[in-house]
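Shown next: data.cif, given as mmCIF, C-alpha atoms and all ligand atoms.
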data_my_file
loop_
_atom_site.label_atom_id
_atom_site.label_comp_id
_atom_site.auth_asym_id
_atom_site.auth_seq_id
_atom_site.Cartn_x
_atom_site.Cartn_y
_atom_site.Cartn_z
CA MET G 9 19.42 -2.96 27.66
CA PRO G 10 17.64 -0.79 25.06
CA ASP G 11 14.61 -2.39 23.43
CA VAL G 12 14.96 -2.53 19.63
CA PHE G 13 11.16 -2.16 19.36
CA ASP G 14 11.07 1.19 21.21
CA LYS G 15 11.47 3.26 18.04
CA CYS G 16 8.31 1.71 16.61
CA ARG G 17 6.03 3.01 19.36
CA ASP G 18 6.06 6.75 18.87
CA TRP G 19 7.53 8.02 15.64
CA GLU G 20 6.56 11.32 14.18
CA THR G 21 5.61 10.36 10.61
CA HIS G 22 3.35 7.65 11.96
CA ARG G 23 1.56 10.13 14.21
CA ILE G 24 1.16 12.68 11.39
CA PHE G 25 -0.22 10.08 8.99
CA LYS G 26 -2.68 8.80 11.57
CA SER G 27 -3.88 12.30 12.43
CA ALA G 28 -4.31 13.06 8.70
CA GLY G 29 -6.54 9.99 8.40
CA LEU G 30 -3.91 8.32 6.27
CA TYR G 31 -3.33 5.07 8.04
CA PRO G 32 -1.90 2.71 6.85
CA PHE G 33 -0.23 5.32 4.60
CA ALA G 34 -2.54 4.97 1.61
CA PRO G 35 -6.19 4.00 1.46
CA ALA G 36 -7.06 0.46 0.42
CA VAL G 37 -8.79 -0.10 -2.91
CA GLU G 38 -12.03 -2.03 -2.47
CA GLU G 39 -12.99 -2.67 -6.08
CA VAL G 40 -11.62 -1.91 -9.54
CA ARG G 41 -13.91 -0.88 -12.38
CA SER G 42 -11.04 -0.01 -14.71
CA PRO G 43 -7.36 0.90 -14.23
CA SER G 44 -8.53 4.51 -13.96
CA GLU G 45 -11.55 4.04 -11.68
CA VAL G 46 -11.56 2.38 -8.26
CA ARG G 47 -13.79 2.22 -5.19
CA VAL G 48 -12.23 3.44 -1.97
CA GLY G 49 -14.14 3.98 1.27
CA GLY G 50 -17.39 3.22 -0.58
CA ARG G 51 -16.81 5.96 -3.22
CA TRP G 52 -15.88 5.52 -6.87
CA ILE G 53 -12.89 7.78 -7.58
CA ILE G 54 -10.37 8.37 -10.35
CA MET G 55 -7.16 6.41 -9.97
CA ALA G 56 -4.32 8.75 -10.95
CA ALA G 57 -1.48 6.98 -9.17
CA SER G 58 -1.29 3.61 -10.89
CA ASN G 59 1.72 2.64 -12.98
CA ASP G 60 -0.42 0.49 -15.25
CA TYR G 61 0.54 2.97 -17.97
CA LEU G 62 -1.02 1.12 -20.88
CA GLY G 63 -4.10 0.08 -18.91
CA LEU G 64 -3.45 -3.57 -19.73
CA SER G 65 -4.38 -4.99 -16.32
CA ALA G 66 -7.99 -4.72 -17.50
CA ASP G 67 -7.35 -6.16 -20.97
CA PRO G 68 -9.45 -9.34 -21.36
CA ARG G 69 -6.59 -11.05 -23.23
CA VAL G 70 -4.14 -10.44 -20.39
CA GLN G 71 -6.68 -11.57 -17.79
CA GLU G 72 -7.51 -14.72 -19.76
CA ALA G 73 -3.82 -15.61 -20.11
CA ALA G 74 -3.39 -15.35 -16.33
CA ARG G 75 -6.51 -17.46 -15.69
CA GLU G 76 -5.37 -20.08 -18.17
CA ALA G 77 -1.92 -20.31 -16.56
CA ILE G 78 -3.51 -20.84 -13.14
CA GLY G 79 -5.77 -23.53 -14.59
CA THR G 80 -2.91 -25.49 -16.12
CA ARG G 81 -0.02 -24.72 -13.74
CA GLY G 82 -1.57 -23.71 -10.43
CA THR G 83 -1.14 -20.59 -8.35
CA SER G 84 2.53 -20.94 -7.39
CA CYS G 85 5.78 -22.44 -8.66
CA SER G 86 6.72 -23.09 -5.02
CA GLY G 87 10.45 -23.01 -5.50
CA SER G 88 13.31 -20.91 -6.75
CA ARG G 89 14.39 -20.75 -10.38
CA LEU G 90 17.54 -22.75 -9.63
CA ALA G 91 15.60 -25.52 -7.92
CA ASN G 92 12.15 -26.64 -9.12
CA GLY G 93 10.61 -23.23 -9.92
CA THR G 94 11.50 -22.86 -13.60
CA HIS G 95 8.60 -23.58 -15.96
CA VAL G 96 8.79 -23.40 -19.74
CA LEU G 97 6.73 -20.21 -19.43
CA HIS G 98 9.62 -18.47 -17.62
CA LEU G 99 12.00 -19.48 -20.40
CA GLU G 100 9.54 -18.28 -23.03
CA LEU G 101 9.21 -14.91 -21.29
CA GLU G 102 12.99 -14.55 -21.06
CA GLU G 103 13.48 -15.44 -24.72
CA ARG G 104 10.72 -13.07 -25.81
CA LEU G 105 12.12 -10.22 -23.75
CA ALA G 106 15.66 -10.74 -24.96
CA ALA G 107 14.44 -10.71 -28.57
CA PHE G 108 12.24 -7.65 -27.95
CA LEU G 109 15.11 -5.71 -26.38
CA HIS G 110 17.67 -6.95 -28.96
CA ARG G 111 19.82 -8.55 -26.25
CA GLU G 112 21.46 -11.95 -26.05
CA ALA G 113 19.62 -13.10 -22.94
CA ALA G 114 17.27 -12.10 -20.14
CA LEU G 115 16.56 -13.23 -16.59
CA ALA G 116 13.09 -12.82 -15.04
CA LEU G 117 12.65 -12.48 -11.27
CA SER G 118 9.64 -12.20 -9.01
CA THR G 119 9.63 -8.43 -8.47
CA GLY G 120 11.36 -5.44 -10.02
CA TYR G 121 12.89 -4.71 -6.64
CA GLN G 122 14.52 -8.14 -6.50
CA THR G 123 15.65 -7.77 -10.10
CA ASN G 124 17.68 -4.71 -9.23
CA LEU G 125 18.99 -6.39 -6.08
CA ALA G 126 20.22 -9.26 -8.26
CA VAL G 127 22.76 -6.94 -9.88
CA SER G 128 24.57 -7.16 -6.52
CA ALA G 129 26.07 -10.40 -7.88
CA LEU G 130 28.27 -8.27 -10.16
CA LEU G 131 29.30 -5.83 -7.45
CA GLY G 132 32.04 -6.89 -5.09
CA GLY G 133 34.37 -4.79 -2.94
CA ASP G 134 36.67 -4.13 -5.91
CA GLU G 135 33.99 -2.45 -7.99
CA VAL G 136 32.75 1.12 -7.98
CA VAL G 137 29.15 2.06 -8.76
CA LEU G 138 28.39 5.59 -9.91
CA SER G 139 24.75 6.13 -9.09
CA ASP G 140 22.38 9.02 -9.82
CA GLN G 141 21.17 10.71 -6.65
CA ASP G 142 17.53 10.09 -7.60
CA ASN G 143 17.93 6.38 -8.33
CA HIS G 144 15.32 4.02 -6.96
CA ALA G 145 16.03 2.49 -3.55
CA SER G 146 16.44 -0.98 -5.06
CA LEU G 147 19.40 0.22 -7.12
CA ARG G 148 21.04 1.71 -4.04
CA ASP G 149 20.32 -1.43 -1.99
CA ALA G 150 21.94 -3.61 -4.66
CA VAL G 151 25.24 -1.82 -4.16
CA ARG G 152 25.07 -2.34 -0.39
CA LEU G 153 24.20 -6.00 -0.79
CA GLY G 154 27.09 -6.57 -3.17
CA GLY G 155 29.58 -4.60 -1.09
CA ALA G 156 30.82 -2.33 -3.89
CA VAL G 157 31.83 1.27 -3.30
CA GLU G 158 28.99 3.61 -4.17
CA ARG G 159 29.63 7.15 -5.34
CA VAL G 160 26.54 9.23 -5.95
CA PHE G 161 26.42 11.95 -8.58
CA ARG G 162 24.03 14.89 -8.33
CA HIS G 163 20.82 14.23 -10.21
CA ASN G 164 21.53 14.26 -13.96
CA ASP G 165 24.67 16.33 -13.34
CA MET G 166 26.97 15.12 -16.09
CA GLU G 167 29.89 17.25 -15.01
CA HIS G 168 29.74 15.58 -11.59
CA LEU G 169 29.60 12.14 -13.23
CA ARG G 170 32.58 13.02 -15.42
CA TRP G 171 34.50 14.18 -12.36
CA LEU G 172 33.76 10.94 -10.48
CA LEU G 173 34.86 8.87 -13.49
CA ALA G 174 38.09 10.81 -13.74
CA ASP G 175 38.60 10.43 -10.00
CA THR G 176 38.30 6.63 -10.03
CA ARG G 177 41.54 4.69 -9.62
CA PRO G 178 42.65 3.31 -13.03
CA GLY G 179 42.03 -0.42 -13.28
CA THR G 180 38.85 -0.32 -11.18
CA GLY G 181 35.68 -1.83 -12.67
CA VAL G 182 33.00 0.85 -12.87
CA LEU G 183 29.25 0.45 -13.35
CA ILE G 184 27.21 3.59 -14.00
CA VAL G 185 23.63 3.10 -12.86
CA THR G 186 20.74 5.36 -13.72
CA GLU G 187 17.09 5.32 -14.80
CA GLY G 188 15.60 5.88 -18.26
CA VAL G 189 12.65 7.77 -16.78
CA PHE G 190 13.02 8.70 -13.12
CA SER G 191 10.25 7.14 -11.11
CA MET G 192 9.15 10.12 -9.07
CA ALA G 193 9.79 13.28 -11.11
CA GLY G 194 9.25 11.60 -14.49
CA ASP G 195 12.28 13.26 -16.09
CA MET G 196 14.71 11.36 -18.32
CA CYS G 197 18.39 10.66 -17.81
CA ASP G 198 20.87 12.40 -20.10
CA LEU G 199 21.58 9.21 -22.02
CA PRO G 200 23.60 10.78 -24.86
CA ARG G 201 26.12 12.25 -22.38
CA ILE G 202 26.14 9.19 -20.13
CA THR G 203 26.85 6.75 -22.97
CA GLU G 204 29.57 9.06 -24.25
CA LEU G 205 31.19 9.25 -20.80
CA ALA G 206 30.87 5.50 -20.21
CA GLY G 207 32.61 4.87 -23.53
CA ARG G 208 35.33 7.42 -22.88
CA TYR G 209 36.20 6.03 -19.43
CA GLY G 210 35.59 2.32 -20.15
CA ALA G 211 32.72 2.03 -17.66
CA ARG G 212 29.69 -0.25 -18.02
CA LEU G 213 26.19 1.23 -18.03
CA MET G 214 23.07 -0.23 -16.44
CA LEU G 215 19.74 1.45 -17.15
CA ASP G 216 16.57 0.89 -15.14
CA CYS G 217 13.75 1.21 -17.66
CA ALA G 218 10.90 0.45 -15.23
CA HIS G 219 8.96 3.53 -16.30
CA ASP G 220 9.82 3.76 -19.98
CA LEU G 221 9.58 0.21 -21.30
CA GLY G 222 6.35 -0.22 -23.21
CA VAL G 223 5.71 3.51 -23.25
CA LEU G 224 8.58 5.35 -24.93
CA GLY G 225 10.19 4.64 -28.29
CA ALA G 226 8.36 3.76 -31.50
CA ALA G 227 8.43 0.06 -30.59
CA GLY G 228 8.15 0.58 -26.83
CA ARG G 229 11.75 -0.29 -25.95
CA GLY G 230 12.10 2.79 -23.79
CA VAL G 231 14.50 5.71 -23.61
CA PRO G 232 17.44 3.90 -25.30
CA GLU G 233 15.27 3.24 -28.37
CA LEU G 234 13.74 6.73 -28.29
CA LEU G 235 17.22 8.28 -28.42
CA GLY G 236 18.79 5.69 -30.74
CA LEU G 237 21.33 4.68 -28.09
CA GLU G 238 20.52 1.04 -27.37
CA SER G 239 24.03 -0.19 -28.13
CA GLY G 240 25.46 2.16 -25.48
CA VAL G 241 23.54 0.44 -22.67
CA ASP G 242 25.14 -2.75 -21.35
CA LEU G 243 22.46 -3.97 -18.97
CA VAL G 244 18.77 -3.14 -19.23
CA MET G 245 16.43 -3.60 -16.30
CA THR G 246 12.66 -3.45 -16.35
CA THR G 247 9.73 -4.38 -14.17
CA PHE G 248 6.52 -6.14 -15.19
CA SER G 249 4.45 -4.22 -12.64
CA LYS G 250 3.98 -1.13 -14.77
CA SER G 251 3.35 -1.23 -18.55
CA LEU G 252 3.26 -5.00 -18.56
CA ALA G 253 0.42 -5.11 -16.00
CA SER G 254 1.87 -7.97 -13.98
CA LEU G 255 4.41 -8.57 -11.23
CA GLY G 256 8.10 -9.33 -11.68
CA GLY G 257 11.11 -7.87 -13.39
CA ALA G 258 13.92 -8.69 -15.79
CA LEU G 259 17.52 -7.97 -16.62
CA ALA G 260 18.62 -8.21 -20.24
CA GLY G 261 22.14 -8.14 -21.63
CA GLU G 262 25.08 -10.33 -22.65
CA ALA G 263 24.37 -14.05 -22.17
CA ASP G 264 27.46 -14.62 -19.99
CA VAL G 265 26.49 -11.76 -17.68
CA ILE G 266 22.88 -12.92 -17.37
CA ASP G 267 23.97 -16.51 -16.65
CA TYR G 268 26.37 -15.30 -13.98
CA ILE G 269 23.63 -13.28 -12.27
CA ARG G 270 21.19 -16.19 -12.58
CA HIS G 271 23.63 -18.40 -10.72
CA TRP G 272 25.12 -16.03 -8.13
CA ALA G 273 22.43 -13.49 -7.22
CA SER G 274 20.77 -14.23 -3.87
CA PRO G 275 17.40 -12.74 -4.95
CA ALA G 276 17.35 -15.22 -7.84
CA VAL G 277 18.64 -18.24 -5.95
CA PHE G 278 16.91 -17.87 -2.60
CA SER G 279 13.43 -16.69 -3.56
CA ALA G 280 10.53 -18.36 -5.33
CA ALA G 281 10.02 -17.93 -9.07
CA MET G 282 7.36 -15.68 -10.61
CA THR G 283 3.90 -17.24 -10.40
CA PRO G 284 2.52 -18.80 -13.60
CA ALA G 285 -0.23 -16.15 -13.71
CA SER G 286 2.33 -13.32 -13.51
CA VAL G 287 4.47 -14.82 -16.27
CA ALA G 288 1.49 -15.45 -18.54
CA ALA G 289 0.09 -11.94 -17.98
CA ALA G 290 3.48 -10.35 -18.74
CA LEU G 291 3.86 -12.46 -21.90
CA LYS G 292 0.43 -11.46 -23.19
CA ALA G 293 1.05 -7.80 -22.31
CA LEU G 294 4.33 -7.99 -24.23
CA ASP G 295 2.42 -9.28 -27.28
CA ILE G 296 0.17 -6.24 -27.03
CA VAL G 297 3.09 -3.83 -26.57
CA GLU G 298 4.67 -5.26 -29.72
CA SER G 299 1.55 -5.23 -31.87
CA GLU G 300 -0.61 -2.30 -30.70
CA PRO G 301 1.23 1.05 -30.56
CA GLU G 302 -2.08 2.88 -30.04
CA HIS G 303 -1.90 2.33 -26.26
CA ARG G 304 1.44 4.17 -26.15
CA GLU G 305 0.06 6.98 -28.24
CA ARG G 306 -2.97 7.29 -25.95
CA VAL G 307 -0.97 7.48 -22.71
CA MET G 308 1.33 10.12 -24.13
CA ARG G 309 -1.67 12.18 -25.33
CA ASN G 310 -3.24 11.90 -21.88
CA ALA G 311 -0.02 12.94 -20.16
CA ALA G 312 0.29 15.98 -22.45
CA ARG G 313 -3.35 17.00 -21.82
CA LEU G 314 -2.80 16.65 -18.07
CA ARG G 315 0.41 18.68 -18.08
CA GLU G 316 -1.15 21.42 -20.15
CA GLY G 317 -4.20 21.66 -17.86
CA LEU G 318 -2.05 21.82 -14.73
CA ARG G 319 0.21 24.47 -16.24
CA ASP G 320 -2.84 26.58 -17.11
CA LEU G 321 -3.72 26.45 -13.41
CA GLY G 322 -0.26 27.68 -12.49
CA TYR G 323 1.35 24.41 -11.50
CA GLU G 324 4.81 23.49 -12.70
CA ALA G 325 4.11 19.97 -13.93
CA GLY G 326 7.45 18.66 -15.19
CA GLN G 327 8.98 19.14 -18.62
CA ALA G 328 9.67 15.66 -19.93
CA PRO G 329 7.18 13.99 -22.26
CA THR G 330 6.66 10.91 -20.07
CA PRO G 331 3.56 9.46 -18.36
CA VAL G 332 4.76 10.56 -14.91
CA VAL G 333 3.51 14.05 -14.10
CA PRO G 334 4.98 15.57 -10.94
CA VAL G 335 3.52 18.49 -9.03
CA HIS G 336 6.31 19.75 -6.81
CA VAL G 337 5.26 20.87 -3.35
CA GLY G 338 8.50 20.85 -1.37
CA ASP G 339 6.91 20.57 2.06
CA PHE G 340 5.83 17.46 3.90
CA MET G 341 2.62 18.77 5.53
CA LEU G 342 1.54 20.79 2.50
CA CYS G 343 2.00 17.71 0.36
CA LEU G 344 -0.21 15.64 2.65
CA ARG G 345 -2.87 18.37 2.77
CA LEU G 346 -2.94 18.71 -1.00
CA TRP G 347 -3.10 14.94 -1.37
CA ARG G 348 -6.03 14.79 1.08
CA ALA G 349 -7.92 17.61 -0.66
CA LEU G 350 -7.47 15.86 -4.02
CA PHE G 351 -8.66 12.61 -2.52
CA ASP G 352 -11.71 14.31 -1.06
CA ALA G 353 -12.35 15.76 -4.54
CA GLY G 354 -12.37 12.21 -5.94
CA VAL G 355 -8.84 11.85 -7.30
CA PHE G 356 -6.36 9.30 -5.94
CA THR G 357 -2.81 10.57 -6.55
CA GLY G 358 0.54 9.63 -5.02
CA ALA G 359 1.87 11.65 -2.08
CA VAL G 360 5.62 11.39 -2.54
CA ILE G 361 7.43 12.15 0.68
CA HIS G 362 10.71 11.22 2.31
CA PRO G 363 12.20 8.56 2.04
CA ALA G 364 10.79 8.13 -1.50
CA VAL G 365 12.36 11.51 -2.27
CA ARG G 366 14.85 13.79 -0.54
CA GLN G 367 13.41 16.11 2.10
CA GLY G 368 12.26 19.35 0.49
CA ARG G 369 11.43 17.54 -2.77
CA GLU G 370 7.98 16.36 -1.67
CA MET G 371 5.52 16.19 -4.54
CA ILE G 372 2.20 14.89 -5.73
CA ARG G 373 2.87 12.31 -8.40
CA ILE G 374 0.27 11.66 -11.07
CA SER G 375 0.50 8.81 -13.55
CA ALA G 376 -1.32 9.22 -16.82
CA THR G 377 -2.49 5.95 -18.31
CA ALA G 378 -4.03 4.88 -21.59
CA ALA G 379 -7.13 3.94 -19.60
CA HIS G 380 -7.97 7.53 -18.63
CA THR G 381 -10.74 9.13 -20.66
CA ASP G 382 -10.51 12.78 -21.69
CA ALA G 383 -13.26 13.52 -19.15
CA GLN G 384 -11.21 11.88 -16.37
CA ILE G 385 -8.09 13.85 -17.29
CA ASP G 386 -10.12 17.06 -17.26
CA ARG G 387 -11.63 16.11 -13.90
CA ILE G 388 -8.15 15.51 -12.46
CA VAL G 389 -7.13 18.99 -13.59
CA GLU G 390 -10.31 20.49 -12.18
CA ALA G 391 -9.67 18.76 -8.84
CA PHE G 392 -6.15 20.23 -8.76
CA GLY G 393 -7.75 23.65 -9.22
CA GLU G 394 -10.19 23.12 -6.35
CA ALA G 395 -7.72 21.39 -4.02
CA GLY G 396 -4.90 23.82 -4.78
CA ARG G 397 -7.09 26.78 -3.89
CA THR G 398 -8.37 25.07 -0.71
CA VAL G 399 -4.85 24.33 0.47
CA GLY G 400 -3.52 27.64 -0.77
CA VAL G 401 -0.88 26.43 -3.20
CA ILE G 402 -2.47 28.27 -6.12
CA GLY G 403 -4.26 31.59 -6.03
CA SER G 404 -7.95 32.11 -6.65
CA ARG G 405 -7.34 33.09 -10.27
CA GLY G 406 -5.09 30.11 -10.93
CA ALA G 407 -2.41 30.69 -13.53
CA GLY G 408 0.57 32.74 -12.48
CA ARG G 409 -0.38 32.65 -8.83
CA SER G 410 1.24 29.35 -7.94
CA ARG G 411 3.31 29.13 -4.79
CA LEU G 412 4.85 25.88 -6.00
C1 LIG B 501 12.74 2.83 -11.10
C2 LIG B 501 12.19 1.63 -10.41
N1 LIG B 501 12.93 0.52 -10.37
C3 LIG B 501 12.48 -0.58 -9.75
C4 LIG B 501 11.25 -0.63 -9.13
C5 LIG B 501 10.78 -1.86 -8.44
O1 LIG B 501 9.79 -2.49 -9.21
P1 LIG B 501 8.62 -3.34 -8.58
O2 LIG B 501 7.69 -2.41 -7.88
O3 LIG B 501 8.00 -3.96 -9.77
O4 LIG B 501 9.23 -4.32 -7.64
C6 LIG B 501 10.45 0.49 -9.17
C7 LIG B 501 9.13 0.47 -8.53
O5 LIG B 501 8.51 1.40 -8.20
C8 LIG B 501 10.94 1.66 -9.81
O6 LIG B 501 10.20 2.78 -9.86
#

Let me see whether you can do it: turn the structure in this file into structure tokens.
Ligand SMILES: Cc1ncc(COP(=O)(O)O)c(C=O)c1O
Amino acid sequence: MPDVFDKCRDWETHRIFKSAGLYPFAPAVEEVRSPSEVRVGGRWIIMAASNDYLGLSADPRVQEAAREAIGTRGTSCSGSRLANGTHVLHLELEERLAAFLHREAALALSTGYQTNLAVSALLGGDEVVLSDQDNHASLRDAVRLGGAVERVFRHNDMEHLRWLLADTRPGTGVLIVTEGVFSMAGDMCDLPRITELAGRYGARLMLDCAHDLGVLGAAGRGVPELLGLESGVDLVMTTFSKSLASLGGALAGEADVIDYIRHWASPAVFSAAMTPASVAAALKALDIVESEPEHRERVMRNAARLREGLRDLGYEAGQAPTPVVPVHVGDFMLCLRLWRALFDAGVFTGAVIHPAVRQGREMIRISATAAHTDAQIDRIVEAFGEAGRTVGVIGSRGAGRSRL
């Protein structure tokens, strides 16, 4: 009989990563001086891969809120939300989020991944989900868990989406699922067209705002606020692990829908509630998002400075004004070599390879944060110059010589 463990013993990616000195896949952080400076392998280097966009994980107010919650409520809720795990803090966070997002209700779960999985409660065999090709794995997994039919449209291809809507049997419930800011390439969905199509065909729209909440829009409510299209989105999802400097996630929408998910979603029913420290940190970070727009302004300035510097070197660094700056490489080994050269030059970026992206779409992903100083942004750019020349992805004179 074949051994189900056999495949684990000698798989190619594993071998490549080990030989590149990248085991287990990314180096472990030993100490954190700030969200933009960490010690790895005994060296202080610039962190350019963290999704702590507003730099709030280092904010003394957020840290104190987490400490206080541990002091008064302990380290764990030790039970699911439907059993003993709901504390008044969870309810406060849900009420605050619902009010912030101008929705009737919200449900907070222990990770963003689980939050997306919880949408499976809405998705039975009779429903069809129309999903962008570049959607996060958790959104794709939710459809599988629920058992709905998934039809994938080419990334941001609105004509393909329109065709799929027109091709769906009349009377079928349809949920369009996409992301405000796409997690890897940092581009935005075409929300004006999507909301128009959803309205025209009577489909519901769910938007994953993991990477835009707290960052985009005058008040930080993400892409729907930025584009003035909040009423066109039926279900908003966000995580707390990025701008809100914590761990967890939330769905916000109509009260009946949120209650239904709360009761029927396995990830909500069969998993422990967010820890008190995570809830308290997210609540405090939300206060800061609501009252201090300067952090948003700073991260967007840093992202623009980074993009401009990379373009001057000859890199194509994404078009959208978001904190996620992608450097497309398009080759697995080249991506790892560039990542390694950047790391050796003192910059910790994200090597984005399959399965995080489709094969051939490999990239180095940089996250700008409000914590980066101008000097750090300039050093990141400089490192891309050095590393790019070492690996041969840009020419010796930089601009205009890029092979990317
Ligand atoms: C678009 C998107 N949705 C959901 C998630 C899952 O969130 P979390 O990591 O907080 O579980 C992520 C995380 O990377 C993401 O990028």

Exercise. What do you get as a PyMOL selection string if you pick all residues at most 6 Å from ligand LIG 501 (chain B), counting all atoms listed in the file?
Worked result: chain G and resi 119-121+144+191+216+218+247+249+256

Using only C-alpha atoms, what does the table of range 196-281 of chain G residues within 12 Å of range 362-379 of chain G look like, with each row giving the shortest atom pair and its distance in Å to one decimal, sorted by chain and ascending number, as a tab-separated table?
residue	atom	partner	partner_atom	distance
G:His219	CA	G:Ser375	CA	10.3
G:Gly222	CA	G:Ala378	CA	11.7
G:Val223	CA	G:Thr377	CA	9.9
G:Lys250	CA	G:Thr377	CA	10.2
G:Ser251	CA	G:Thr377	CA	9.3
G:Ala253	CA	G:Thr377	CA	11.7

For this session: Tell me, as an MDAnalysis selection string, which residues lie within 10 Å of range 48-63 of chain G, counting all atoms listed in the file; anything in the same chain fewer than 6 positions away does not count.
Result: chainID G and resid 35:42 191 218:220 222:223 248:254 293 296:297 301:308 331:333 351:359 372:380 384:385 387:388

Exercise. Nearest to Ala156 in chain G: which of G:Asp134, G:Asp67, G:Asp14, G:Asp198 is it, counting all atoms listed in the file?
Worked result: G:Asp134

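We find CA of Leu259 in chain G and CA of Cys197 in chain G to be spaced 18.7 Å apart.
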
At a cut-off of 8 Å around the point (25.4, 13.1, -17.8) (file coordinates), what residues fall inside when counting only C-alpha atoms? I'd like the answer as a short mmCIF file (atom, residue, chain, number, x, y, z; two decimals) with C-alpha atoms, keeping the file's coordinate frame.
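Wrote it out as result-v7.cif, contents follow:
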data_model
loop_
_atom_site.label_atom_id
_atom_site.label_comp_id
_atom_site.auth_asym_id
_atom_site.auth_seq_id
_atom_site.Cartn_x
_atom_site.Cartn_y
_atom_site.Cartn_z
CA ASN G 164 21.53 14.26 -13.96
CA ASP G 165 24.67 16.33 -13.34
CA MET G 166 26.97 15.12 -16.09
CA GLU G 167 29.89 17.25 -15.01
CA HIS G 168 29.74 15.58 -11.59
CA LEU G 169 29.60 12.14 -13.23
CA ARG G 170 32.58 13.02 -15.42
CA CYS G 197 18.39 10.66 -17.81
CA ASP G 198 20.87 12.40 -20.10
CA LEU G 199 21.58 9.21 -22.02
CA PRO G 200 23.60 10.78 -24.86
CA ARG G 201 26.12 12.25 -22.38
CA ILE G 202 26.14 9.19 -20.13
CA LEU G 205 31.19 9.25 -20.80
#

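Closest approach to Pro232 in chain G from the set G:Cys343, G:Leu109, G:Ala263, G:Val151 is made by G:Leu109, with distances taken over all atoms listed in the file.
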
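Using only C-alpha atoms, the residues found no farther than 6 Å from range 267-284 of chain G, other than those of its own chain fewer than 4 positions away, are Ala77, Ser84, Cys85, Gly87, Ser88, Arg89, Leu90, Gly93, Ser118, Gln122, Ala126 and Ala129 of chain G.
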
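Of the listed residues (G:Leu183, G:Ile24, G:Val244, G:Ala116), G:Leu183 comes nearest to Leu130 in chain G; the distances count only C-alpha atoms.
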
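Close contacts of Glu158 in chain G, defined as residues with an atom at most 12 Å away when counting all atoms listed in the file, with chain neighbours fewer than 6 positions off set aside, comprise Ser128, Leu131, Gly132, Gly133, Asp134, Glu135, Val136, Val137, Leu138, Ser139, Asp140, Gln141, Leu147, Arg148, Asp149, Ala150, Val151, Arg152, Leu172, Thr176, Val182, Leu183, Ile184 and Val185 of chain G.
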
Give me the box for range 222-230 of chain G as AutoDock Vina command-line options, namely the centre and edge lengths in Å to one decimal of a box along x, y and z that holds every listed atom plus 3 Å on each side.
--center_x 8.9 --center_y 2.5 --center_z -27.4 --size_x 12.4 --size_y 11.6 --size_z 14.3

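Nearest to Arg81 in chain G of all the residues G:Ser27, G:Ser286, G:Thr330, G:Thr180 is G:Ser286, counting all atoms listed in the file.
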
For this session: Name the residues in contact with Ala289 in chain G at a cut-off of 7 Å, using all atoms listed in the file, excluding same-chain residues fewer than 4 positions from it; report them as a PyMOL selection string.
Result: chain G and resi 70-71+73-74+254+285+293

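If you measure from each of G:Pro334, G:Val46, G:Ser65, G:Leu215 to Glu238 in chain G using only C-alpha atoms, the closest one turns out to be G:Leu215.
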
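Take CA of Gly261 in chain G and CA of Phe108 in chain G: the distance between them is 11.8 Å.
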
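CA of Asn124 in chain G to CA of Met214 in chain G spans 10.1 Å [interatomic distance, one decimal].
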
Pick out the residues sitting within 8 Å of Glu324 in chain G, and hand them over as a short mmCIF file (atom, residue, chain, number, x, y, z; two decimals) with C-alpha atoms, in the frame of the given file; count only C-alpha atoms, and ignore anything fewer than 5 positions along from it in its own chain.
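Saved to out.cif:
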data_model
loop_
_atom_site.label_atom_id
_atom_site.label_comp_id
_atom_site.auth_asym_id
_atom_site.auth_seq_id
_atom_site.Cartn_x
_atom_site.Cartn_y
_atom_site.Cartn_z
CA LEU G 318 -2.05 21.82 -14.73
CA ARG G 319 0.21 24.47 -16.24
CA VAL G 335 3.52 18.49 -9.03
CA HIS G 336 6.31 19.75 -6.81
CA LEU G 412 4.85 25.88 -6.00
#

Using all atoms listed in the file, find all polymer residues with an atom at most 7 Å away from the point (10.1, 16.1, -13.5); report them as an mmCIF file with C-alpha atoms, in the frame of the given file.
data_model
loop_
_atom_site.group_PDB
_atom_site.id
_atom_site.type_symbol
_atom_site.label_atom_id
_atom_site.label_comp_id
_atom_site.auth_asym_id
_atom_site.auth_seq_id
_atom_site.Cartn_x
_atom_site.Cartn_y
_atom_site.Cartn_z
ATOM 1 C CA ALA G 193 9.790 13.280 -11.110
ATOM 2 C CA GLY G 194 9.250 11.600 -14.490
ATOM 3 C CA ASP G 195 12.280 13.260 -16.090
ATOM 4 C CA GLY G 326 7.450 18.660 -15.190
ATOM 5 C CA GLN G 327 8.980 19.140 -18.620
ATOM 6 C CA ALA G 328 9.670 15.660 -19.930
ATOM 7 C CA VAL G 333 3.510 14.050 -14.100
ATOM 8 C CA PRO G 334 4.980 15.570 -10.940
#

Mind running range 313-368 of chain G against range 389-403 of chain G at 9 Å and telling me each contacting residue's nearest atom pair with the distance in Å (one decimal), counting all atoms listed in the file, chain and number ascending, as CSV?
residue,atom,partner,partner_atom,distance
G:Leu314,CA,G:Val389,CA,6.7
G:Arg315,CA,G:Val389,CA,8.8
G:Gly317,CA,G:Val389,CA,5.8
G:Leu318,CA,G:Val389,CA,5.9
G:Leu321,CA,G:Gly393,CA,6.5
G:Gly322,CA,G:Ile402,CA,6.8
G:Tyr323,CA,G:Ile402,CA,7.6
G:Val337,CA,G:Val401,CA,8.3
G:Leu342,CA,G:Val399,CA,7.6
G:Arg345,CA,G:Val399,CA,6.7
G:Leu346,CA,G:Val399,CA,6.1
G:Trp347,CA,G:Ala395,CA,8.4
G:Arg348,CA,G:Ala395,CA,8.5
G:Ala349,CA,G:Ala395,CA,5.1
G:Leu350,CA,G:Ala395,CA,5.5
G:Phe351,CA,G:Ala391,CA,8.9
G:Asp352,CA,G:Ala395,CA,8.6
G:Ala353,CA,G:Ala391,CA,5.9
G:Gly354,CA,G:Ala391,CA,7.7
G:Val355,CA,G:Ala391,CA,7.1
